[in-house]
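Each remark here refers to the structure printed beneath this line.
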Amino acid sequence: MAEIRVENAVKTFGKVVAVDDVSLTVHDQEFVVLLGPSGCGKTTLLRAIAGLGMVDSGRVMIGDRDVTYLPPKDRNISMVFQSYAIFPHMKVYENIAFGLKMKRASKEEITQRVKAASELLHIEDFLDRYPSQLSGGQRQRVAVARAIAVRSQVLLMDEPLSNLDALLRLEMRAELKRLLAEINATTIYVTHDQIEALSMGDRIAVMKTGRILQFDSPTKVYDMPADQFVGGFIGTPPMNFLQGQVRRENGAVQVYIGDFGLKPIPEMEPLLRSYDGEVIVVGIRAENMEALSQPAEDALPVMVLVVEPLGSQNLLTIKIGDDVIKVSTHPDFTVAPDQNIWIRFPSEKIRWIDRRSGKTLIPNLEELMA
Amino acid sequence: MTTVEERQALPQPTRARVLDPAQRRALRQMKLRRAGTYALAIGIAIWILLPIWLIGTMAFSPSDQVYAYPKPVVPVPFSTETMQFFLEYEGIMAATQNSIVVALVTLALSTVIAVPAGYAISRYIFPGRDAFRLGVLAVRAFPIVILAVPLAVTFIQWGMYDEVYTVALMHTALTLPTTILVVSSVFASVPREFEEAARIFGCTPVQAFMRVVLPLVLPGIAAAAIFTFVMSWNEVFAATLLTIRNRTLPALILYTLNKSSIQFQYAGGFFMLVPSLVFIFFIRRYLFNMWGQITK
Ligand SMILES: Nc1ncnc2c1ncn2[C@@H]1O[C@H](COP(=O)(O)OP(=O)(O)O)[C@@H](O)[C@H]1O
Ligand SMILES: [Mg+2]
């Protein structure tokens, strides 16, 4: 059992609050991704869990132990560094064996585990080489092999793929996912690459300026971002945001984009009612809108600015009022710039966001059921 | 060989570059600039190598060759007569021994002090770190003469003079700033992550240093130590101020300079020069590194 629990962790560097009162629970054997833009405090949080940088206040628990003030070696963890940090004066074999040697494992056990780890990562042919004789991708594999050879219950990874070229990264992503499913360690994986996060994690913790904004499954984070930042950070292209005007007419709530009215789903109505007469942010993903070449009563006429054929889809850039948004269409949907098309907004796919707080309005389902 | 006629008869090679005037001008300028760089480098090399070559050939020529002109490129006829005379001269062997002892003690003291100091500067942020670094640099900024005089006066006031150990202490004080800077740059070249990885995989901070950092910095520290040795071996000013009977080699040579023959001076110069040249040759990579040029 190795649940990781971080409670109210705070870490500052001078005036910079790198980790700002973060609480986070990672279940036993779960794979959690810490995702956020560069400088948001992911590494700092990971290092606090690893014991490489103590928190100023708060608590770190691994399993049932309070490890807040324990040195790394007593935390029963292993780690893959962004720069790999494999030891240049040791051969690959010695690198992988390092953790086991420090734990005074028996000779046979070391040999056997190094063999197993190197086979898992397909580096069994390089055991006799020095790191300088390896390619970047192979070094990365050595770093992972060293980390899994010790079989600790907690595995921490800090942007392990960010130094690989795009193709290799794609390949390693799938391989790492398979491998991590196999070894059953509780894993925290740091990345700034949202696609990596979506494709690998059981859950994603999205961070911004030292805080966790949302901690949910990849589907939930993608489909129901907790706030505007999350929606805008995740997805290619990111979520579109439009200005809407809330108006109450004959008891029903409508949100107007220009003079085109959007009708929210009934569950949203009670929440939106309080915004009567105010501006609200309408969030919708590019693939959730429907583009029509003919006018329709429930569709908004817009003008196309740019057409990007991407093979599996055509990505259109269109202008609505002052907002520029992206719409993805079927590759057979033919349209030229400056042409008029019509856009349909399915109400169940629209996310309503408070303009001031940036938070997504989420209906309280229990209240609705009652 | 193709004659001019034959060459004209040959068809134009297809890869021949036809340059327009602007390109040709740019190319010429580039070549000129490159030629300038090379000329400068060659000039500097000659300026340094010529005296070394002169000292070397003269030290191994028979004594009557010294006034000969033009000088031979290599010492022919070869003779060790001058060198032998120098080495057998009274006091030279004792002074050499003094110099070696001074240089070794300096090397030991300054390495023992510079390693922890350099490590701290490169790894830790501590109160007064910048002031300390500035202090180290400022000491380097003064010529040795300026530093040596007050130090020597203090040593003499304390009655610590005419001893090889006093000279060693003085040399330690004078070389320490440079040694600390070199050592800290050696430590800075070992990423902190190596230590951190070692700690993750079961090391205490001390074990991490011993198992991971030390093997990686050892060649660099050896280079710094050798550099210190050479600085002490060559240092003449402070050694002259502090010693009368127990002179180091440079001090003795300087003392005998205006009483000795020119052959003797060549031999002495050569004898002083060789260890420095040999050592610098072996550690040149680290000296380049010190100035930020990363050589692999
Ligand atoms: N050792 C440090 N000293 C000073 N500031 C630091 C240090 N480490 C991190 N920071 C600051 O803390 C913030 C978070 O950094 P980090 O955790 O490395 O972000 P991330 O890994 O998400 O890119 C940044 O503003 C960074 O400048
Ligand atoms: Mg980072």
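We name chains A, B, ... following the order of the structure tokens; residues begin at 1 in each chain, and ligands are numbered from 1 as shown.
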- Test item: residues at most 6 Å from range 204-220 of chain B, only C-alpha atoms, excluding those fewer than 3 positions along its chain, as number ranges by chain: B: 186, 195, 198-199, 223
- Within 12 Å of chain B: residues of chain A, using only C-alpha atoms, as a ChimeraX atom specification: /A:47,49-53,70-90,94-105,132,143,146-152,154-158
- Could you please extract the residues within 8 Å of ligand 2, counting only C-alpha atoms and all ligand atoms, and hand them back as a PyMOL selection string? chain A and resi 38-39+41-44+82+158-159+190-191
- Task: Determine, counting only C-alpha atoms, which protein, DNA and RNA residues have an atom within 12 Å of an atom of range 132-136 of chain B; residues of the same chain fewer than 6 positions away are not included. Present the result as a list in words.
- Result: Ala114, Ala117, Gly118, Ala120, Ile121, Ser122, Ile125, Phe126, Phe142, Ala173, Leu174, Thr175, Leu176, Pro177, Thr178, Thr179, Ile180, Leu181, Val182 and Ser184 of chain B
Please produce a file of those selected residues containing C-alpha atoms, as a JSON list (two decimals), in the first residue's frame.
```
[["chain", "number", "residue", "atom", "x", "y", "z"],
["B", 114, "ALA", "CA", 39.79, 25.11, -1.92],
["B", 117, "ALA", "CA", 35.20, 26.33, -0.45],
["B", 118, "GLY", "CA", 34.68, 25.69, -4.15],
["B", 120, "ALA", "CA", 30.11, 25.56, -1.20],
["B", 121, "ILE", "CA", 30.27, 28.36, -3.75],
["B", 122, "SER", "CA", 29.02, 26.17, -6.55],
["B", 125, "ILE", "CA", 23.27, 29.76, -1.40],
["B", 126, "PHE", "CA", 24.47, 30.99, 1.96],
["B", 142, "PHE", "CA", 45.58, 42.85, -7.51],
["B", 173, "ALA", "CA", 47.47, 32.73, 0.41],
["B", 174, "LEU", "CA", 48.42, 33.97, -3.04],
["B", 175, "THR", "CA", 47.21, 30.98, -5.04],
["B", 176, "LEU", "CA", 44.07, 30.22, -3.07],
["B", 177, "PRO", "CA", 41.73, 32.60, -4.93],
["B", 178, "THR", "CA", 42.60, 31.11, -8.30],
["B", 179, "THR", "CA", 42.41, 27.57, -6.98],
["B", 180, "ILE", "CA", 39.01, 28.21, -5.41],
["B", 181, "LEU", "CA", 37.69, 29.65, -8.67],
["B", 182, "VAL", "CA", 38.96, 26.72, -10.71],
["B", 184, "SER", "CA", 34.23, 25.80, -8.00]]
```
Could I get the residues of range 252-338 of chain A with an atom no further than 7 Å from an atom of range 348-364 of chain A, each paired with its nearest atom pair and that distance in Å to one decimal, using only C-alpha atoms, sorted by chain and residue number, as a tab-separated table?
```
residue	atom	partner	partner_atom	distance
A:Ile265	CA	A:Glu348	CA	6.2
A:Glu267	CA	A:Pro363	CA	6.4
A:Met268	CA	A:Pro363	CA	6.0
A:Leu271	CA	A:Pro363	CA	6.8
A:Ile280	CA	A:Arg355	CA	5.5
A:Val281	CA	A:Ile353	CA	4.9
A:Val282	CA	A:Trp352	CA	5.1
A:Gly283	CA	A:Arg351	CA	4.8
A:Ile284	CA	A:Ile350	CA	5.2
A:Asn288	CA	A:Lys349	CA	6.5
```
- Query: Rounded to one decimal in Å, what is the spacing between CA of Phe237 in chain B and CA of Phe279 in chain B?
  - Reply: 21.7 Å
- Query: When distances are computed from only C-alpha atoms, which of B:Leu277, B:Ile92, B:Val76, B:Val101 shows the smallest separation from Thr256 in chain B?
  - Reply: B:Ile92
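Taking CA of Arg113 in chain A as the reference point, CA of Leu134 in chain A is found at 21.2 Å.
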- Message: Just to confirm, what's the straight-line distance from CA of Tyr255 in chain B to CA of Ile46 in chain B in Å (one decimal)?
- Response: 29.2 Å
- Spatial neighbours of Val274 in chain B, 10 Å, only C-alpha atoms, chain gap at least 6 places, as a PyMOL selection string: chain B and resi 52+56+280
Those same residues, written as a PDB file, in the first residue's frame with C-alpha atoms?
```pdb
ATOM      1  CA  ILE B  52      61.215  29.191 -25.153  1.00  0.00           C
ATOM      2  CA  GLY B  56      65.950  25.470 -24.999  1.00  0.00           C
ATOM      3  CA  ILE B 280      50.257  22.889 -18.345  1.00  0.00           C
TER       4      ILE B 280
END
```
